[in-house]
$ cat data-v3.txt   # compact mmCIF, C-alpha atoms
# COMPACT_ATOMS: atom_id res chain seq x y z
CA MET A 84 66.17 24.19 2.39
CA ARG A 85 65.35 20.49 2.60
CA LYS A 86 63.97 20.99 6.14
CA ALA A 87 61.80 23.92 5.01
CA THR A 88 60.34 21.82 2.18
CA LEU A 89 59.57 18.98 4.60
CA VAL A 90 57.81 21.36 6.98
CA MET A 91 55.79 22.82 4.11
CA VAL A 92 54.77 19.38 2.77
CA THR A 93 53.81 18.25 6.26
CA ALA A 94 51.69 21.37 6.73
CA LEU A 95 50.01 20.84 3.35
CA VAL A 96 49.25 17.20 4.13
CA ALA A 97 47.87 18.16 7.54
CA THR A 98 45.68 20.88 6.00
CA ALA A 99 44.40 18.52 3.30
CA ALA A 100 43.65 15.83 5.89
CA SER A 101 41.85 18.36 8.05
CA LEU A 102 39.77 19.58 5.08
CA MET A 103 38.91 16.01 4.09
CA ALA A 104 37.91 15.19 7.67
CA ALA A 105 35.74 18.31 7.81
CA GLU A 106 33.97 17.15 4.66
CA THR A 107 33.09 13.77 6.14
CA THR A 108 32.41 14.84 9.74
CA ARG A 109 28.89 15.63 10.87
CA TRP A 110 27.31 16.46 14.24
CA VAL A 111 24.00 15.14 15.56
CA GLU A 112 21.45 17.93 15.61
CA ARG A 113 18.56 16.18 17.40
CA THR A 114 18.18 15.08 21.02
CA LYS A 115 18.44 11.39 20.15
CA VAL A 116 18.90 9.68 16.79
CA ASP A 117 18.74 5.94 16.16
CA VAL A 118 21.36 4.60 13.77
CA ARG A 119 19.72 1.82 11.77
CA ALA A 120 20.83 -1.20 9.76
CA GLY A 121 19.13 0.10 6.58
CA ARG A 122 17.56 3.14 4.96
CA GLY A 123 14.21 3.06 6.73
CA SER A 124 12.83 3.52 10.24
CA TYR A 125 11.72 -0.13 10.30
CA TYR A 126 15.30 -1.47 10.31
CA GLU A 127 16.90 -2.61 13.55
CA ILE A 128 18.83 -0.09 15.64
CA VAL A 129 22.60 -0.61 15.60
CA ASP A 130 23.50 2.38 17.78
CA THR A 131 21.98 5.56 19.23
CA VAL A 132 23.67 8.94 18.99
CA LEU A 133 22.85 12.01 21.04
CA LYS A 134 22.81 15.71 20.23
CA GLY A 135 26.30 17.09 19.68
CA GLU A 136 27.92 13.69 19.04
CA GLN A 137 30.32 13.50 16.10
CA VAL A 138 29.88 10.92 13.33
CA GLU A 139 31.81 10.18 10.14
CA ILE A 140 30.03 9.89 6.80
CA VAL A 141 30.57 6.60 4.98
CA GLU A 142 28.15 7.18 2.09
CA THR A 143 24.91 8.97 1.23
CA GLU A 144 21.88 7.74 -0.67
CA GLY A 145 18.42 9.20 -1.22
CA GLY A 146 18.32 11.55 1.76
CA TRP A 147 19.91 8.94 4.06
CA VAL A 148 23.48 8.94 5.30
CA SER A 149 25.54 5.94 6.33
CA VAL A 150 27.65 6.99 9.33
CA ARG A 151 30.32 5.54 11.59
CA THR A 152 29.72 6.43 15.24
CA ALA A 153 32.23 7.04 18.02
CA ARG A 154 31.57 3.46 19.15
CA ALA A 155 32.71 2.17 15.71
CA LYS A 156 29.17 1.16 14.68
CA THR A 157 28.07 1.80 11.11
CA GLY A 158 24.46 2.41 10.09
CA TRP A 159 22.01 4.78 8.46
CA VAL A 160 20.46 8.02 9.73
CA PHE A 161 18.28 10.57 7.98
CA ALA A 162 20.39 13.44 6.60
CA ALA A 163 18.21 16.10 8.26
CA ALA A 164 19.29 14.82 11.69
CA LEU A 165 22.90 15.89 11.06
CA SER A 166 24.67 19.23 10.88
CA ALA A 167 27.84 20.15 8.98
CA LYS A 168 28.77 22.47 11.87
CA PRO A 169 29.54 21.49 15.49
CA VAL A 170 26.43 21.26 17.69
CA GLN A 171 26.39 21.78 21.45
CA PRO A 172 25.37 18.64 23.38
CA GLY A 173 22.15 18.60 25.38
CA GLY A 174 19.30 20.99 24.71
CA GLY A 175 15.86 19.83 23.66
CA SER A 176 13.09 19.56 26.23
CA ASP A 177 13.67 18.75 29.89
CA PHE A 178 11.56 15.63 29.74
CA PHE A 179 14.41 13.12 29.96
CA LYS A 180 17.08 15.41 31.30
CA VAL A 181 18.21 13.86 34.55
CA ALA A 182 21.63 15.52 34.59
CA PRO A 183 21.99 18.21 31.92
CA GLY A 184 25.18 17.99 29.93
CA ASP A 185 25.96 14.45 31.03
CA ALA A 186 25.69 12.44 27.83
CA SER A 187 25.81 9.05 29.57
CA THR A 188 23.02 10.00 31.97
CA SER A 189 21.01 11.49 29.13
CA ARG A 190 21.51 8.30 27.15
CA THR A 191 20.24 6.26 30.10
CA ALA A 192 17.30 8.60 30.53
CA ALA A 193 16.50 8.46 26.83
CA SER A 194 16.62 4.68 26.84
CA GLN A 195 14.33 4.65 29.88
CA GLY A 196 11.95 6.70 27.78
CA ALA A 197 12.46 4.24 24.93
CA LYS A 198 11.30 1.45 27.20
CA GLY A 199 8.11 3.34 27.94
CA LEU A 200 8.59 3.71 31.69
CA TYR A 201 6.88 7.11 31.88
CA ALA A 202 3.93 5.98 29.77
CA GLN A 203 3.68 2.76 31.77
CA ASP A 204 3.37 4.73 34.98
CA TYR A 205 0.74 6.96 33.39
CA ALA A 206 -1.24 3.95 32.14
CA LYS A 207 -1.01 2.30 35.56
CA ALA A 208 -2.20 5.46 37.31
CA LYS A 209 -5.15 5.72 34.92
CA GLY A 210 -5.98 2.00 34.96
CA TYR A 211 -5.23 1.57 31.23
CA ASP A 212 -3.96 -1.66 29.71
CA TYR A 213 -0.33 -1.02 28.71
CA THR A 214 -0.07 -4.36 26.92
CA VAL A 215 -1.83 -2.59 24.01
CA VAL A 216 1.37 -0.55 23.48
CA GLU A 217 3.61 -3.58 23.91
CA TRP A 218 1.54 -5.66 21.48
CA ILE A 219 1.63 -3.00 18.77
CA GLU A 220 5.36 -2.39 19.20
CA GLY A 221 6.01 -6.12 19.12
CA HIS A 222 4.00 -6.88 15.97
CA GLN A 223 5.45 -4.58 13.34
CA PRO A 224 7.23 -5.94 10.25
CA ASN A 225 11.03 -5.84 10.23
CA GLY A 226 13.22 -4.27 7.55
CA GLN A 227 13.50 -7.39 5.37
CA VAL A 228 9.73 -7.95 5.34
CA VAL A 229 9.05 -4.29 4.46
CA GLU A 230 11.67 -4.36 1.68
CA ALA A 231 10.12 -7.54 0.21
CA PHE A 232 6.68 -5.89 0.32
CA LEU A 233 7.98 -2.72 -1.37
CA LYS A 234 9.62 -4.84 -4.08
CA ASP A 235 6.41 -6.79 -4.60
CA THR A 236 4.48 -3.51 -4.84
CA ALA A 237 6.98 -2.05 -7.32
CA GLU A 238 6.75 -5.15 -9.46
CA GLY A 239 3.03 -4.64 -9.76
CA SER A 240 1.25 -6.82 -7.22
CA ARG A 241 -2.47 -6.82 -7.97
CA MET B 20 22.62 33.16 29.71
CA SER B 21 19.74 34.48 27.67
CA ARG B 22 18.94 38.14 27.36
CA ALA B 23 15.54 37.57 29.03
CA ARG B 24 17.23 36.12 32.10
CA TRP B 25 19.70 39.00 32.29
CA VAL B 26 16.81 41.47 32.10
CA LEU B 27 14.99 39.61 34.88
CA ILE B 28 18.09 39.39 37.07
CA GLY B 29 18.63 43.08 36.45
CA GLY B 30 15.06 43.59 37.66
CA VAL B 31 15.71 41.49 40.77
CA VAL B 32 18.84 43.49 41.54
CA ALA B 33 16.90 46.72 41.11
CA VAL B 34 14.17 45.46 43.46
CA LEU B 35 16.84 44.36 45.94
CA ALA B 36 18.27 47.86 45.82
CA VAL B 37 14.81 49.09 46.86
CA GLY B 38 14.83 46.38 49.54
CA CYS B 39 18.03 47.81 50.92
CA ALA B 40 16.18 51.07 51.32
CA GLY B 41 13.90 49.51 53.93
CA LEU B 42 11.76 46.66 52.50
CA ASP B 43 11.87 43.00 53.66
CA VAL B 44 14.74 41.59 51.59
CA SER B 45 13.69 37.91 51.88
CA ASN B 46 10.24 38.66 50.42
CA VAL B 47 11.81 40.62 47.60
CA LEU B 48 14.26 37.75 46.91
CA GLN B 49 11.39 35.27 46.72
CA GLY B 50 9.58 37.57 44.32
CA GLY B 51 12.72 37.80 42.21
CA MET B 52 13.12 34.04 42.08
CA LYS B 53 9.49 33.70 40.97
CA LEU B 54 10.23 36.11 38.14
CA VAL B 55 13.22 34.01 37.05
CA GLN B 56 11.09 30.83 37.30
CA SER B 57 8.45 32.51 35.18
CA ALA B 58 11.08 33.15 32.52
CA ASP B 59 11.87 29.41 32.55
CA THR B 60 8.18 28.66 32.33
CA PHE B 61 7.63 30.79 29.29
CA ARG B 62 10.79 29.60 27.62
CA GLY B 63 9.63 25.99 28.22
CA ALA B 64 6.19 26.83 26.94
CA THR B 65 7.60 27.95 23.62
CA ALA B 66 10.20 25.17 23.30
CA ASP B 67 9.72 22.46 20.71
CA ILE B 68 8.90 18.95 21.85
CA ASP B 69 11.67 16.56 20.95
CA GLU B 70 11.19 13.13 19.45
CA PRO B 71 11.83 10.95 22.55
CA GLU B 72 9.24 13.02 24.42
CA GLU B 73 6.79 12.76 21.53
CA VAL B 74 7.22 8.97 21.39
CA GLU B 75 6.66 8.65 25.12
CA LEU B 76 3.50 10.77 24.91
CA GLY B 77 2.45 8.59 21.97
CA ARG B 78 2.75 5.46 24.10
CA ALA B 79 0.60 7.02 26.80
CA VAL B 80 -2.02 8.16 24.25
CA THR B 81 -1.95 4.66 22.71
CA ALA B 82 -2.76 3.19 26.13
CA LEU B 83 -5.63 5.69 26.40
CA ILE B 84 -6.96 4.79 22.93
CA GLY B 85 -6.72 1.11 23.90
CA SER B 86 -9.00 1.87 26.84
CA ARG B 87 -11.67 3.27 24.47
CA TYR B 88 -11.49 0.64 21.73
CA PRO B 89 -10.31 -2.97 21.94
CA LEU B 90 -7.18 -3.66 19.90
CA LEU B 91 -7.61 -6.33 17.22
CA ARG B 92 -4.71 -8.65 18.05
CA ASN B 93 -4.59 -10.22 14.60
CA GLU B 94 -0.91 -10.55 13.66
CA ALA B 95 -1.33 -11.05 9.89
CA LEU B 96 -3.77 -8.17 9.43
CA THR B 97 -1.72 -5.83 11.64
CA ARG B 98 1.41 -6.68 9.65
CA TYR B 99 -0.40 -5.99 6.36
CA VAL B 100 -1.70 -2.59 7.52
CA ALA B 101 1.78 -1.77 8.84
CA LEU B 102 3.38 -2.73 5.51
CA VAL B 103 1.11 -0.38 3.57
CA GLY B 104 1.61 2.29 6.25
CA ASN B 105 5.40 1.97 6.15
CA ALA B 106 5.42 2.14 2.33
CA VAL B 107 3.63 5.49 2.58
CA ALA B 108 5.55 6.75 5.64
CA LEU B 109 8.86 6.08 3.89
CA ARG B 110 7.81 8.76 1.37
CA SER B 111 6.72 11.21 4.07
CA ASP B 112 8.47 14.28 5.43
CA ARG B 113 9.53 12.27 8.51
CA PRO B 114 10.69 8.96 7.03
CA ASP B 115 13.11 8.37 9.91
CA MET B 116 10.30 8.33 12.49
CA ARG B 117 9.43 4.80 13.66
CA TYR B 118 5.78 4.23 12.80
CA TYR B 119 3.56 1.66 14.53
CA PHE B 120 0.23 0.61 13.03
CA GLY B 121 -2.69 -1.11 14.74
CA VAL B 122 -6.27 -2.13 13.97
CA LEU B 123 -9.05 -1.31 16.42
CA ASP B 124 -11.74 -3.95 16.79
CA THR B 125 -14.84 -1.82 16.32
CA GLU B 126 -17.43 -1.12 13.66
CA ASP B 127 -17.01 2.59 14.42
CA LEU B 128 -15.48 4.54 11.57
CA ASN B 129 -12.21 6.15 12.53
CA ALA B 130 -8.56 6.35 11.66
CA LEU B 131 -6.33 8.17 14.05
CA ALA B 132 -2.79 9.26 14.74
CA ALA B 133 -1.28 9.51 18.21
CA PRO B 134 1.96 11.45 18.72
CA GLY B 135 5.25 9.67 18.12
CA GLY B 136 4.20 7.55 15.12
CA TYR B 137 1.34 5.43 16.56
CA ILE B 138 -1.44 5.07 13.96
CA PHE B 139 -4.75 3.22 14.21
CA ILE B 140 -7.51 2.28 11.82
CA THR B 141 -10.79 0.68 12.79
CA ARG B 142 -12.19 -2.57 11.44
CA GLY B 143 -15.22 -0.52 10.33
CA VAL B 144 -13.10 1.70 8.09
CA LEU B 145 -11.26 -1.29 6.59
CA GLY B 146 -14.65 -2.84 5.82
CA LEU B 147 -15.64 0.18 3.71
CA MET B 148 -12.50 0.03 1.56
CA ARG B 149 -12.18 -1.77 -1.74
CA ASP B 150 -8.42 -1.74 -2.35
CA GLU B 151 -4.94 -0.92 -1.05
CA ALA B 152 -4.91 2.53 -2.68
CA MET B 153 -7.78 3.58 -0.38
CA LEU B 154 -5.87 2.23 2.64
CA ALA B 155 -2.68 3.99 1.51
CA GLY B 156 -4.61 7.27 1.14
CA VAL B 157 -6.14 7.08 4.62
CA LEU B 158 -2.86 5.99 6.26
CA GLY B 159 -1.03 8.70 4.30
CA HIS B 160 -3.43 11.24 5.83
CA GLU B 161 -2.65 9.94 9.35
CA VAL B 162 1.10 9.87 8.69
CA GLY B 163 0.64 13.48 7.58
CA HIS B 164 -0.54 14.52 11.07
CA ILE B 165 2.70 13.12 12.49
CA SER B 166 5.06 14.36 9.80
CA LEU B 167 3.53 17.84 9.98
CA HIS B 168 3.97 17.86 13.78
CA HIS B 169 0.28 18.57 14.44
CA HIS B 170 0.40 17.06 17.95
CA ALA B 171 3.53 19.02 18.87
CA LYS B 172 1.85 22.23 17.70
CA SER B 173 -1.20 21.47 19.85
CA ILE B 174 0.96 20.67 22.89
CA LYS B 175 2.94 23.85 22.42
CA ALA B 176 -0.24 25.91 22.19
CA GLU B 177 -1.61 24.21 25.32
CA LYS B 178 1.62 24.76 27.25
CA ARG B 179 1.65 28.42 26.26
CA LYS B 180 -1.97 28.78 27.32
CA ALA B 181 -1.29 27.09 30.67
CA ALA B 182 1.80 29.20 31.31
CA LEU B 183 -0.12 32.38 30.58
CA LYS B 184 -3.10 31.29 32.66
CA THR B 185 -1.50 30.10 35.85
CA GLY B 186 2.04 31.40 35.68
CA THR B 187 4.79 29.37 37.23
CA GLU B 188 3.20 26.26 38.72
CA VAL B 189 1.45 24.56 35.81
CA GLY B 190 3.96 25.89 33.31
CA MET B 191 6.85 24.44 35.26
CA THR B 192 5.02 21.13 35.50
CA PHE B 193 4.70 21.02 31.73
CA THR B 194 8.32 21.82 31.13
CA ARG B 195 10.09 19.80 33.78
CA ALA B 196 8.02 16.96 35.09
CA SER B 197 7.16 13.42 34.15
CA VAL B 198 3.85 12.43 32.60
CA LEU B 199 2.66 11.36 36.04
CA THR B 200 1.89 14.90 37.06
CA PRO B 201 -1.77 15.90 36.74
CA ALA B 202 -1.07 18.73 34.29
CA VAL B 203 0.79 16.52 31.82
CA GLY B 204 -1.82 13.84 32.36
CA LEU B 205 -4.33 16.37 31.12
CA THR B 206 -2.17 16.91 28.06
CA ILE B 207 -2.24 13.19 27.27
CA ASP B 208 -6.01 13.07 27.78
CA GLY B 209 -6.33 16.10 25.50
CA LEU B 210 -4.10 14.50 22.86
CA GLY B 211 -6.20 11.34 23.05
CA GLU B 212 -9.35 13.35 22.41
CA LEU B 213 -7.60 15.17 19.58
CA ALA B 214 -6.59 11.87 17.99
CA LEU B 215 -10.07 10.39 18.42
CA LYS B 216 -12.09 13.40 17.28
CA GLY B 217 -9.80 14.92 14.67
CA PHE B 218 -7.69 18.04 14.34
CA SER B 219 -8.74 21.48 13.14
CA ARG B 220 -10.26 21.73 9.68
CA GLU B 221 -7.08 23.41 8.47
CA GLU B 222 -4.86 20.63 9.82
CA GLU B 223 -7.13 17.93 8.38
CA GLY B 224 -6.83 19.70 5.01
CA GLU B 225 -3.03 19.83 5.30
CA SER B 226 -2.89 16.12 6.09
CA ASP B 227 -5.16 15.33 3.12
CA GLY B 228 -2.75 17.22 0.86
CA VAL B 229 0.40 15.45 2.05
CA GLY B 230 -1.44 12.11 2.32
CA PHE B 231 -2.22 12.41 -1.39
CA LYS B 232 1.44 13.21 -2.10
CA TYR B 233 2.86 10.36 0.04
CA ALA B 234 0.50 7.76 -1.47
CA ALA B 235 1.42 8.88 -4.99
CA ALA B 236 5.16 8.79 -4.17
CA ALA B 237 4.75 5.27 -2.79
CA GLY B 238 3.36 4.19 -6.17
CA TYR B 239 -0.33 4.06 -5.28
CA ASP B 240 -3.18 5.66 -7.17
CA PRO B 241 -3.48 8.83 -5.06
CA ALA B 242 -7.20 8.95 -5.77
CA GLY B 243 -7.54 6.38 -2.97
CA LEU B 244 -8.28 8.95 -0.26
CA ARG B 245 -10.78 10.78 -2.51
CA ASP B 246 -12.50 7.46 -3.26
CA PHE B 247 -12.73 6.63 0.43
CA LEU B 248 -14.24 10.04 1.23
CA GLN B 249 -16.66 9.56 -1.67
CA THR B 250 -17.66 6.13 -0.31
CA LEU B 251 -18.36 7.73 3.06
CA LYS B 252 -20.43 10.46 1.41
CA ASP B 253 -22.42 7.96 -0.65
CA ARG B 254 -23.26 5.94 2.45
CA GLY B 255 -23.91 8.95 4.65
CA GLY B 256 -27.30 8.94 6.31
CA LYS B 257 -27.84 5.25 5.55
CA GLU B 258 -25.60 4.03 8.35
CA ALA B 259 -25.33 5.36 11.89
CA ALA B 260 -21.54 4.90 11.96
CA VAL B 261 -21.10 6.98 8.78
CA SER B 262 -23.37 9.74 10.05
CA SER B 263 -21.46 9.78 13.32
CA PHE B 264 -18.11 9.97 11.50
CA MET B 265 -19.32 12.82 9.29
CA SER B 266 -20.61 14.73 12.32
CA THR B 267 -17.23 14.52 14.12
CA HIS B 268 -15.25 15.31 10.96
CA PRO B 269 -16.70 18.58 9.71
CA GLY B 270 -15.78 19.82 6.28
CA ALA B 271 -15.92 16.40 4.60
CA GLU B 272 -17.55 17.96 1.51
CA GLU B 273 -14.77 20.53 1.25
CA ARG B 274 -12.10 17.86 1.73
CA LEU B 275 -13.69 15.83 -1.05
CA ARG B 276 -13.65 18.82 -3.38
CA GLU B 277 -9.97 19.47 -2.61
CA GLN B 278 -9.09 15.83 -3.28
CA ASP B 279 -11.08 15.97 -6.54
CA ALA B 280 -8.96 18.94 -7.62
CA LEU B 281 -5.71 17.12 -6.75
CA VAL B 282 -6.84 13.98 -8.58
CA ALA B 283 -7.75 16.05 -11.65
CA LYS B 284 -4.25 17.54 -11.74
CA ASN B 285 -2.47 14.22 -11.20
CA THR B 286 -1.12 12.59 -14.35
CA THR B 287 0.89 9.75 -12.81
CA PRO B 288 -0.94 6.44 -12.77
CA GLY B 289 -0.69 4.39 -9.59
CA ARG B 290 -1.59 0.95 -8.35
CA ARG B 291 -4.86 -0.03 -6.64
CA ASN B 292 -3.82 -3.53 -5.47
CA ALA B 293 -7.39 -4.69 -4.95
CA GLU B 294 -6.61 -8.40 -4.84
CA ARG B 295 -3.87 -8.14 -2.22
CA PHE B 296 -6.14 -5.94 -0.11
CA GLN B 297 -9.07 -8.39 -0.35
CA ARG B 298 -6.79 -11.30 0.60
CA ALA B 299 -5.60 -9.41 3.67
CA LEU B 300 -9.11 -8.37 4.63
CA ALA B 301 -10.35 -11.95 4.40
CA ARG B 302 -8.32 -12.45 7.58
CA ILE B 303 -10.87 -10.39 9.49
CA GLN B 304 -13.82 -12.25 8.05
CA LYS B 305 -12.22 -15.64 8.86
CA ARG B 306 -11.94 -14.82 12.56
$ encode --input "data-v3.txt" --output "structure tokens"
Amino acid sequence: MRKATLVMVTALVATAASLMAAETTRWVERTKVDVRAGRGSYYEIVDTVLKGEQVEIVETEGGWVSVRTARAKTGWVFAAALSAKPVQPGGGSDFFKVAPGDASTSRTAASQGAKGLYAQDYAKAKGYDYTVVEWIEGHQPNGQVVEAFLKDTAEGSR
Amino acid sequence: MSRARWVLIGGVVAVLAVGCAGLDVSNVLQGGMKLVQSADTFRGATADIDEPEEVELGRAVTALIGSRYPLLRNEALTRYVALVGNAVALRSDRPDMRYYFGVLDTEDLNALAAPGGYIFITRGVLGLMRDEAMLAGVLGHEVGHISLHHHAKSIKAEKRKAALKTGTEVGMTFTRASVLTPAVGLTIDGLGELALKGFSREEEGESDGVGFKYAAAAGYDPAGLRDFLQTLKDRGGKEAAVSSFMSTHPGAEERLREQDALVAKNTTPGRRNAERFQRALARIQKR
């Protein structure tokens, strides 16, 4: 009798834990999503997750979700980038797909794209000045500066 | 395996069966493989463009735009334009997209959006504005092109057209290759022209609508875009740059009327921030 009760309690606890985990688990729905230090695309990137990767929800606020990644990094992503159901890895266009299905290779390929290697080659072939791209990317305000500006605007800067 | 591929493989098998009846099997096999490749081509031609690809195309288009107009490498002014742009973009339908803002050093009147979040405004346009609400309205319009995926829709249409026109070769290039290939190079050139000369009248109208909405949500007087269009209209004919802008952006009158209607319906007051705008603009004049 005592053994049967123990088994039942264990099963109930396991089911509850599984349900709770399901409620806080999400899967990345887009090819590549940057996890950022704050709720805005201008915050620094703390990690990058790829399609199909699993993340755990920490909190949600205003359409943004704070998540913990498989690499134990915590940051914000836009809610629309996540799915409540498991998502198959890969997919998307073939642009950066060096080895389909290989997340590490895809991550490398995506980061190569992030560094602008393809566009650099294009610019070189066409004789365009790629420093234009580098200058623009290097002269944007960071998260703290944008937040201060938004606060100033909200407080009625003239 | 998709149904289309199964159908095609079924077709290849059927052709092979004919081959067994006396035709050259290797030729038939090659024909079958071309059919399968064509399926890939058409599937690629209808696939959506993902964000890393869009950003990379945006970088290439930015380099192209930089070859047409010199970039104004003024850190303070660029930061100010980017701050207003980010305030509006945060309220857009793609707030998680990284947006980059730049000022082009020309008296020409233009504001343009490249794929992947790269947005430009000319010194000429800034010179016609009186306050931050106008800037927010124009940048909101450009953010609208990106958040409504107007570039991706154009690329998709072009890929589909290329796949239909030339079958496997160009279509495969679009779907599989790097931007170095001539066909994708053409896409970037086309996107550059699109950014420089404007989208379809319908897409410009859509961007006006969401630009109004984003500026209002960011706390600005959403009449800013209407006021800028009105300024252009008032100066039209008097200045060559304005006439040129109006000629490459057809439907300005209609856009103005639509903005008038939106402004009339709007009941939420917003900020103009004229002083902050003038302080930032003084940085151009001090150069």
$ interface_residues --input "data-v3.txt" --of "chain B" --to "chain A" --cutoff "8 Å" --atoms "all atoms listed in the file" --output "NGL selection string"
:B and (63 or 66-72 or 74-76 or 78-79 or 81-83 or 85-86 or 90 or 92 or 94 or 97-98 or 101-102 or 105-106 or 109 or 114-121 or 194-199 or 204 or 238 or 290-295)
$ atom_distance --input "data-v3.txt" --atom1 "CA of Gly224 (chain B)" --atom2 "CA of Arg274 (chain B)"
6.5 Å
$ residues_around --input "data-v3.txt" --residues "Glu258 (chain B)" --least-positions-apart "6" --cutoff "12 Å" --atoms "all atoms listed in the file" --output "list in words"
Glu126, Asp127, Leu128, Gly143, Leu147, Thr250, Leu251, Lys252, Phe264 and Met265 of chain B
$ residues_around --input "data-v3.txt" --residues "Leu145 (chain B)" --least-positions-apart "6" --cutoff "9 Å" --atoms "all atoms listed in the file" --output "ChimeraX atom specification"
/B:122,128,154,300
$ closest_residue --input "data-v3.txt" --among "A:Gln171, A:Thr107, A:Thr93, A:Ser166" --to "Ser149 (chain A)" --atoms "only C-alpha atoms"
A:Thr107
$ residues_around --input "data-v3.txt" --residues "Leu96 (chain B)" --least-positions-apart "4" --cutoff "7 Å" --atoms "all atoms listed in the file" --output "NGL selection string"
:B and (100 or 299 or 302)
$ atom_distance --input "data-v3.txt" --atom1 "CA of Lys168 (chain A)" --atom2 "CA of Asp112 (chain B)"
22.8 Å
$ axis_aligned_box --input "data-v3.txt" --around "region 130-141 of chain A" --padding-each-side "5 Å" --output "JSON"
{"center_x": 26.9, "center_y": 9.7, "center_z": 13.0, "size_x": 19.8, "size_y": 24.7, "size_z": 26.1}
$ atom_distance --input "data-v3.txt" --atom1 "CA of Glu223 (chain B)" --atom2 "CA of Gln297 (chain B)"
27.8 Å
$ closest_residue --input "data-v3.txt" --among "B:Asp240, B:Asp246, B:Glu161, B:Asp253" --to "Gly217 (chain B)" --atoms "only C-alpha atoms"
B:Glu161
